[in-house]
Every structure is written in structure tokens, then in C-alpha cells.
file start.csv (CSV, C-alpha atoms)
chain,number,residue,atom,x,y,z
A,1,MET,CA,-10.2,-22.4,16.0
A,2,THR,CA,-9.8,-25.1,13.3
A,3,MET,CA,-7.3,-24.6,10.5
A,4,LEU,CA,-9.1,-25.0,7.1
A,5,TYR,CA,-6.3,-23.9,4.8
A,6,ASP,CA,-2.6,-23.4,5.6
A,7,GLY,CA,-0.8,-21.6,2.7
A,8,TRP,CA,0.7,-18.1,2.3
A,9,LEU,CA,-2.7,-17.1,3.5
A,10,LYS,CA,-4.4,-19.1,6.2
A,11,ILE,CA,-8.1,-19.7,6.8
A,12,ARG,CA,-9.4,-20.8,10.2
A,13,GLU,CA,-12.9,-21.7,11.2
A,14,ALA,CA,-14.4,-20.1,14.3
A,15,ARG,CA,-17.8,-20.4,16.0
A,16,HIS,CA,-19.7,-17.6,17.6
A,17,GLN,CA,-23.3,-17.8,19.0
A,18,GLY,CA,-23.9,-21.1,17.2
A,19,ARG,CA,-22.7,-19.7,13.8
A,20,ARG,CA,-19.7,-20.7,11.7
A,21,PHE,CA,-17.2,-18.1,10.5
A,22,GLU,CA,-14.2,-18.3,8.3
A,23,ILE,CA,-11.3,-16.1,9.5
A,24,LEU,CA,-8.7,-15.0,7.0
A,25,GLU,CA,-5.2,-14.7,8.4
A,26,ASP,CA,-3.6,-12.5,5.8
A,27,LYS,CA,-0.4,-10.5,6.0
A,28,GLU,CA,-0.4,-7.1,7.6
A,29,ALA,CA,0.8,-4.3,5.3
A,30,ALA,CA,1.9,-0.7,5.1
A,31,GLY,CA,1.9,1.8,2.3
A,32,ALA,CA,3.4,5.2,1.8
A,33,LEU,CA,1.9,8.5,0.5
A,34,VAL,CA,5.0,10.1,-0.9
A,35,LEU,CA,4.8,13.7,-2.2
A,36,ASP,CA,7.6,15.5,-4.1
A,37,GLN,CA,8.4,19.2,-3.8
A,38,GLU,CA,5.6,20.1,-6.3
A,39,GLY,CA,3.0,18.0,-4.4
A,40,LYS,CA,3.0,15.2,-7.0
A,41,ILE,CA,2.2,11.8,-5.6
A,42,LEU,CA,4.4,8.7,-6.2
A,43,LEU,CA,2.8,5.6,-7.7
A,44,VAL,CA,4.3,2.4,-9.0
A,45,ARG,CA,3.0,0.1,-11.7
A,46,GLN,CA,3.1,-3.6,-11.0
A,47,HIS,CA,1.5,-6.7,-12.2
A,48,ARG,CA,-1.3,-8.1,-10.1
A,49,VAL,CA,-2.0,-11.8,-10.8
A,50,PRO,CA,-5.6,-11.8,-9.5
A,51,LEU,CA,-6.5,-9.0,-11.9
A,52,GLY,CA,-4.6,-10.4,-14.8
A,53,ARG,CA,-3.1,-7.0,-15.5
A,54,ASP,CA,-0.9,-4.2,-14.2
A,55,SER,CA,-2.1,-1.9,-11.5
A,56,LEU,CA,-1.0,1.7,-10.6
A,57,GLU,CA,-0.7,2.0,-6.8
A,58,ILE,CA,1.1,3.7,-4.0
A,59,PRO,CA,4.2,1.8,-2.9
A,60,ALA,CA,3.3,-0.8,-0.2
A,61,GLY,CA,4.4,-4.1,1.2
A,62,CYS,CA,3.7,-6.8,3.7
A,63,LEU,CA,4.9,-6.5,7.2
A,64,ASP,CA,6.5,-9.9,7.2
A,65,LYS,CA,10.2,-9.2,7.9
A,66,ASP,CA,11.3,-10.4,11.3
A,67,GLY,CA,13.1,-7.9,13.5
A,68,LEU,CA,12.0,-4.8,11.5
A,69,THR,CA,9.5,-2.2,12.6
A,70,PRO,CA,6.7,-1.4,10.2
A,71,ALA,CA,8.4,1.9,9.3
A,72,GLU,CA,11.7,0.0,8.5
A,73,VAL,CA,9.8,-2.4,6.3
A,74,MET,CA,8.1,0.5,4.5
A,75,ALA,CA,11.5,2.2,3.9
A,76,GLU,CA,12.8,-1.1,2.4
A,77,GLU,CA,9.8,-1.3,0.1
A,78,LEU,CA,10.3,2.3,-1.1
A,79,GLU,CA,13.9,1.4,-2.0
A,80,GLU,CA,12.9,-1.9,-3.7
A,81,GLU,CA,9.8,-0.7,-5.5
A,82,ALA,CA,10.7,3.0,-6.3
A,83,HIS,CA,14.5,3.2,-5.9
A,84,LEU,CA,14.2,5.9,-3.2
A,85,THR,CA,16.3,5.9,-0.1
A,86,VAL,CA,14.1,6.9,2.8
A,87,PRO,CA,15.2,7.0,6.4
A,88,ALA,CA,12.6,5.0,8.3
A,89,GLU,CA,12.5,7.7,11.1
A,90,GLU,CA,11.3,10.3,8.5
A,91,LEU,CA,8.2,8.3,7.7
A,92,LYS,CA,5.2,9.9,9.4
A,93,GLU,CA,2.5,7.4,10.5
A,94,LEU,CA,-0.8,8.8,9.3
A,95,LEU,CA,-3.3,6.1,10.4
A,96,THR,CA,-3.9,2.4,10.9
A,97,ILE,CA,-7.0,0.7,9.6
A,98,LEU,CA,-8.5,-2.8,9.5
A,99,PRO,CA,-9.4,-3.0,5.8
A,100,SER,CA,-11.3,-6.4,5.9
A,101,ILE,CA,-12.8,-6.3,9.4
A,102,GLY,CA,-15.6,-8.8,8.5
A,103,VAL,CA,-13.1,-11.6,7.7
A,104,SER,CA,-9.7,-10.5,9.1
A,105,LYS,CA,-8.1,-8.6,11.9
A,106,SER,CA,-5.0,-7.7,9.8
A,107,ARG,CA,-4.0,-4.0,10.0
A,108,TYR,CA,-2.8,-1.7,7.3
A,109,ILE,CA,-0.6,1.3,8.2
A,110,LEU,CA,-0.4,4.4,6.0
A,111,TYR,CA,2.7,6.5,6.2
A,112,ALA,CA,3.6,9.8,4.5
A,113,TRP,CA,7.0,11.2,3.4
A,114,ARG,CA,8.0,14.4,1.6
A,115,TYR,CA,10.6,13.6,-1.1
A,116,PRO,CA,13.1,16.4,-0.9
A,117,ALA,CA,13.3,17.0,-4.7
A,118,LEU,CA,11.2,16.9,-7.8
A,119,GLY,CA,10.0,13.4,-8.7
A,120,GLU,CA,11.2,11.8,-11.9
A,121,ASN,CA,9.3,9.1,-13.7
A,122,LYS,CA,11.4,6.0,-14.2
A,123,ASP,CA,11.3,2.5,-15.6
A,124,ILE,CA,12.2,0.1,-12.8
A,125,THR,CA,14.4,-2.9,-13.5
A,126,GLY,CA,15.5,-5.6,-11.1
A,127,ASP,CA,12.2,-5.9,-9.3
A,128,ASP,CA,10.0,-9.0,-9.8
A,129,ASP,CA,6.8,-7.0,-9.7
A,130,VAL,CA,7.3,-3.3,-10.2
A,131,THR,CA,8.0,-2.0,-13.7
A,132,GLU,CA,7.6,1.8,-13.4
A,133,ARG,CA,7.6,4.7,-11.0
A,134,LEU,CA,5.3,7.6,-11.8
A,135,TRP,CA,4.6,11.0,-10.1
A,136,LEU,CA,1.1,12.3,-10.6
A,137,SER,CA,-0.5,15.6,-9.7
A,138,PRO,CA,-3.4,15.2,-7.2
A,139,GLU,CA,-5.7,16.2,-10.1
A,140,ASP,CA,-4.4,13.5,-12.4
A,141,PHE,CA,-4.5,11.0,-9.5
A,142,GLY,CA,-8.2,11.8,-8.8
A,143,LYS,CA,-9.1,11.6,-12.5
A,144,ARG,CA,-7.5,8.1,-12.7
A,145,ILE,CA,-9.5,7.0,-9.7
A,146,ARG,CA,-12.8,8.3,-11.2
A,147,GLU,CA,-12.0,6.6,-14.5
A,148,GLY,CA,-11.3,3.3,-12.8
A,149,GLU,CA,-7.6,3.0,-13.6
A,150,ILE,CA,-6.7,3.3,-9.9
A,151,MET,CA,-9.0,1.1,-7.8
A,152,ASP,CA,-7.0,-0.5,-5.0
A,153,ALA,CA,-8.1,0.5,-1.5
A,154,LYS,CA,-4.7,1.7,-0.2
A,155,SER,CA,-4.2,4.2,-3.1
A,156,VAL,CA,-7.7,5.5,-2.9
A,157,LEU,CA,-7.4,5.9,0.9
A,158,ALA,CA,-4.1,7.8,0.4
A,159,TYR,CA,-5.7,10.1,-2.2
A,160,TYR,CA,-8.7,11.0,0.0
A,161,TYR,CA,-6.4,11.3,3.1
A,162,LEU,CA,-4.4,13.9,1.2
A,163,LEU,CA,-7.6,15.8,0.1
A,164,ALA,CA,-8.6,15.9,3.8
A,165,HIS,CA,-5.1,17.0,4.9
A,166,PRO,CA,-3.5,19.1,2.2
A,167,GLU,CA,-1.0,20.4,4.7
A,168,LEU,CA,1.0,17.2,4.4

call {"tool": "encode", "arguments": {"input": "start.csv", "output": "C-alpha cells"}}
result
Amino acid sequence: MTMLYDGWLKIREARHQGRRFEILEDKEAAGALVLDQEGKILLVRQHRVPLGRDSLEIPAGCLDKDGLTPAEVMAEELEEEAHLTVPAEELKELLTILPSIGVSKSRYILYAWRYPALGENKDITGDDDVTERLWLSPEDFGKRIREGEIMDAKSVLAYYYLLAHPEL
């Protein structure tokens, strides 16, 4: 394969059956569906430059820290983004998907964790991206998806996973 672009993301050219394909080498990632004792779902508000606005999402992060397992990276992201201390071994792996299979083979892992208290909304300081931690009821979460406030794939996936598996 020929390298076409070599930045934070990489694009390579591949040929298959006489056709040319561009392959995106993006970062693998993980996210967490965190539920409090009332069944409220943790979301964080952060600025997304491609959108030019803030986005409300489940906590997530790139799996780009050498020497750490995906669960350990996710535990660090929960500390950094939501100020929650989560033992990596308590994160339950729910599923792994390939979200952009037509252009990338990068995987995304969804974890779940039950927060052992009631969630508190909180302004976040000290993080370059995240500004707020919110706990939403499943009904409010679904409403915000339907109204287009929550649109990112990982959060929508987490919501529908929860609907299919309410025993979490």
C-alpha cells in the first residue's frame, strides 16, 4: 500500500481487482455506558472542532496509550473526562464493532459500568475538551437523540444497546 497522507490520521492507497481504494488508518477507540443507581446515563459535553460546536456524548477515548489495555485506557478517560475513579477490572466489555468498515478496519469497544451512587451533574475544569458531566434518564437521552442533540454513533449505539439489554 502507498502512503497518501501521514498525519494524526493516515491514508493509504490500496488496489483490489483493478480498483483503487483509500484506506483510513484512524485511531481505535473505546467508550463507556455508565449507569448510576437510578439508571441515569453519564454523558459529557465537549467541543468538537469538525462540528464547530459542543456535543453531548458518552465518555470515550482513543486507544493510543502504549502499555495499557483498552479497559485501562477507558478507566483513565473516565477519570479525565468525568472525574470518576473506575477500576479497569470492573468495566464490562459489551461489544466490539468496526464503525467505518468501508474505509477503515479500526475497532470501537463499548464498555459498561454501574456507578455505585447517584450521579451528580458537574462542571468540569482542567480538561482541554470536556466542560460538563451530565446524568440523563434513558427517556431524556432518547428524546435528545430524536431531537438531534445527540448524534454521535457511539452514544446512539450505547442508548440502543441499553434498550436491548435493560438488565445492565

call {"tool": "closest_residue", "arguments": {"input": "start.csv", "among": "A:Glu139, A:Glu13, A:Asp6, A:Asp54", "to": "Asp26 (chain A)", "atoms": "only C-alpha atoms"}}
result
A:Asp6

call {"tool": "residues_around", "arguments": {"input": "start.csv", "residues": "region 150-162 of chain A", "least_positions_apart": "2", "cutoff": "12 Å", "atoms": "all atoms listed in the file", "output": "number ranges by chain"}}
result
A: 29-35, 39-45, 48, 51, 54-61, 94-100, 107-113, 136-148, 164-168

call {"tool": "atom_distance", "arguments": {"input": "start.csv", "atom1": "CA of Lys105 (chain A)", "atom2": "CA of Glu22 (chain A)"}}
result
12.0 Å

call {"tool": "closest_residue", "arguments": {"input": "start.csv", "among": "A:Leu91, A:Leu68, A:Met3, A:Leu24", "to": "Ser106 (chain A)", "atoms": "all atoms listed in the file"}}
result
A:Leu24

call {"tool": "atom_distance", "arguments": {"input": "start.csv", "atom1": "CA of Lys92 (chain A)", "atom2": "CA of Thr69 (chain A)"}}
result
13.2 Å

call {"tool": "atom_distance", "arguments": {"input": "start.csv", "atom1": "CA of Glu38 (chain A)", "atom2": "CA of Lys122 (chain A)"}}
result
17.2 Å

call {"tool": "closest_residue", "arguments": {"input": "start.csv", "among": "A:Gly7, A:Gly52, A:Gly18, A:Pro116", "to": "Thr85 (chain A)", "atoms": "all atoms listed in the file"}}
result
A:Pro116

call {"tool": "residues_near_point", "arguments": {"input": "start.csv", "point": "(6.8, 8.3, -15.0)", "cutoff": "7 Å", "atoms": "all atoms listed in the file", "output": "PyMOL selection string"}}
result
chain A and resi 120-122+132-135

call {"tool": "closest_residue", "arguments": {"input": "start.csv", "among": "A:Ala82, A:Ile11, A:Ile23, A:Val49", "to": "Asp123 (chain A)", "atoms": "all atoms listed in the file"}}
result
A:Ala82

call {"tool": "closest_residue", "arguments": {"input": "start.csv", "among": "A:Leu163, A:Ile101, A:Val130, A:Ala117", "to": "Asp36 (chain A)", "atoms": "all atoms listed in the file"}}
result
A:Ala117

call {"tool": "decode", "arguments": {"input": "start.csv", "residues": "region 41-84 of chain A", "atoms": "N, CA and C atoms", "output": "compact mmCIF listing (two decimals), in the first residue's frame"}}
result
# COMPACT_ATOMS: atom_id res chain seq x y z
N ILE A 41 -27.85 7.81 32.82
CA ILE A 41 -26.71 7.55 31.94
C ILE A 41 -25.78 8.76 31.96
N LEU A 42 -24.48 8.49 32.09
CA LEU A 42 -23.47 9.54 32.11
C LEU A 42 -23.15 10.01 30.70
N LEU A 43 -23.17 11.33 30.53
CA LEU A 43 -22.73 11.96 29.29
C LEU A 43 -21.80 13.11 29.63
N VAL A 44 -20.94 13.44 28.69
CA VAL A 44 -20.05 14.59 28.86
C VAL A 44 -20.25 15.54 27.69
N ARG A 45 -20.12 16.83 27.98
CA ARG A 45 -20.22 17.85 26.94
C ARG A 45 -18.80 18.27 26.58
N GLN A 46 -18.51 18.22 25.27
CA GLN A 46 -17.18 18.64 24.83
C GLN A 46 -17.26 19.28 23.46
N HIS A 47 -16.29 20.15 23.19
CA HIS A 47 -16.27 20.83 21.90
C HIS A 47 -15.73 19.88 20.84
N ARG A 48 -16.41 19.88 19.69
CA ARG A 48 -15.97 19.07 18.55
C ARG A 48 -15.69 20.01 17.39
N VAL A 49 -14.41 20.16 17.08
CA VAL A 49 -13.97 21.12 16.06
C VAL A 49 -14.63 20.87 14.71
N PRO A 50 -14.73 19.62 14.21
CA PRO A 50 -15.37 19.44 12.91
C PRO A 50 -16.83 19.94 12.88
N LEU A 51 -17.52 19.87 14.01
CA LEU A 51 -18.90 20.36 14.08
C LEU A 51 -18.97 21.86 14.30
N GLY A 52 -17.92 22.41 14.88
CA GLY A 52 -17.92 23.82 15.22
C GLY A 52 -18.83 24.14 16.40
N ARG A 53 -19.06 23.14 17.25
CA ARG A 53 -19.93 23.32 18.41
C ARG A 53 -19.67 22.22 19.43
N ASP A 54 -20.32 22.38 20.58
CA ASP A 54 -20.24 21.35 21.60
C ASP A 54 -21.12 20.17 21.24
N SER A 55 -20.78 19.01 21.79
CA SER A 55 -21.54 17.79 21.57
C SER A 55 -21.72 17.09 22.91
N LEU A 56 -22.86 16.47 23.11
CA LEU A 56 -23.15 15.69 24.32
C LEU A 56 -22.98 14.22 23.96
N GLU A 57 -22.06 13.52 24.67
CA GLU A 57 -21.67 12.17 24.28
C GLU A 57 -21.38 11.33 25.51
N ILE A 58 -21.35 10.00 25.33
CA ILE A 58 -20.83 9.15 26.39
C ILE A 58 -19.32 9.37 26.45
N PRO A 59 -18.70 9.16 27.61
CA PRO A 59 -17.24 9.29 27.69
C PRO A 59 -16.56 8.26 26.79
N ALA A 60 -15.48 8.69 26.14
CA ALA A 60 -14.77 7.81 25.22
C ALA A 60 -13.36 8.33 25.02
N GLY A 61 -12.53 7.51 24.40
CA GLY A 61 -11.18 7.94 24.11
C GLY A 61 -10.49 7.01 23.15
N CYS A 62 -9.42 7.52 22.56
CA CYS A 62 -8.61 6.74 21.63
C CYS A 62 -7.77 5.73 22.38
N LEU A 63 -7.59 4.57 21.78
CA LEU A 63 -6.75 3.52 22.36
C LEU A 63 -5.32 3.71 21.85
N ASP A 64 -4.68 4.76 22.33
CA ASP A 64 -3.36 5.11 21.82
C ASP A 64 -2.31 5.27 22.92
N LYS A 65 -2.54 4.61 24.05
CA LYS A 65 -1.59 4.70 25.16
C LYS A 65 -0.85 3.38 25.29
N ASP A 66 0.42 3.41 24.93
CA ASP A 66 1.24 2.19 24.95
C ASP A 66 1.28 1.56 26.34
N GLY A 67 1.18 0.25 26.37
CA GLY A 67 1.30 -0.50 27.61
C GLY A 67 0.01 -0.62 28.40
N LEU A 68 -1.07 0.01 27.94
CA LEU A 68 -2.34 -0.09 28.65
C LEU A 68 -3.34 -0.92 27.85
N THR A 69 -4.14 -1.68 28.56
CA THR A 69 -5.21 -2.43 27.90
C THR A 69 -6.31 -1.44 27.52
N PRO A 70 -7.20 -1.83 26.62
CA PRO A 70 -8.33 -0.94 26.31
C PRO A 70 -9.15 -0.57 27.55
N ALA A 71 -9.36 -1.51 28.47
CA ALA A 71 -10.12 -1.20 29.69
C ALA A 71 -9.36 -0.20 30.56
N GLU A 72 -8.06 -0.30 30.63
CA GLU A 72 -7.26 0.66 31.41
C GLU A 72 -7.32 2.05 30.79
N VAL A 73 -7.28 2.11 29.47
CA VAL A 73 -7.42 3.40 28.79
C VAL A 73 -8.80 3.99 29.09
N MET A 74 -9.84 3.17 29.02
CA MET A 74 -11.19 3.66 29.29
C MET A 74 -11.32 4.16 30.72
N ALA A 75 -10.72 3.46 31.67
CA ALA A 75 -10.75 3.90 33.07
C ALA A 75 -10.06 5.26 33.20
N GLU A 76 -8.94 5.46 32.52
CA GLU A 76 -8.26 6.76 32.54
C GLU A 76 -9.12 7.85 31.92
N GLU A 77 -9.83 7.52 30.84
CA GLU A 77 -10.70 8.50 30.19
C GLU A 77 -11.85 8.91 31.12
N LEU A 78 -12.40 7.96 31.87
CA LEU A 78 -13.48 8.28 32.80
C LEU A 78 -12.98 9.21 33.91
N GLU A 79 -11.77 9.00 34.35
CA GLU A 79 -11.17 9.89 35.35
C GLU A 79 -10.96 11.29 34.76
N GLU A 80 -10.39 11.33 33.57
CA GLU A 80 -10.05 12.60 32.93
C GLU A 80 -11.30 13.38 32.51
N GLU A 81 -12.24 12.71 31.87
CA GLU A 81 -13.40 13.41 31.30
C GLU A 81 -14.52 13.64 32.30
N ALA A 82 -14.73 12.70 33.23
CA ALA A 82 -15.90 12.79 34.12
C ALA A 82 -15.53 12.87 35.60
N HIS A 83 -14.24 12.79 35.89
CA HIS A 83 -13.75 12.84 37.28
C HIS A 83 -14.35 11.70 38.11
N LEU A 84 -14.39 10.51 37.50
CA LEU A 84 -14.85 9.30 38.19
C LEU A 84 -13.70 8.31 38.26
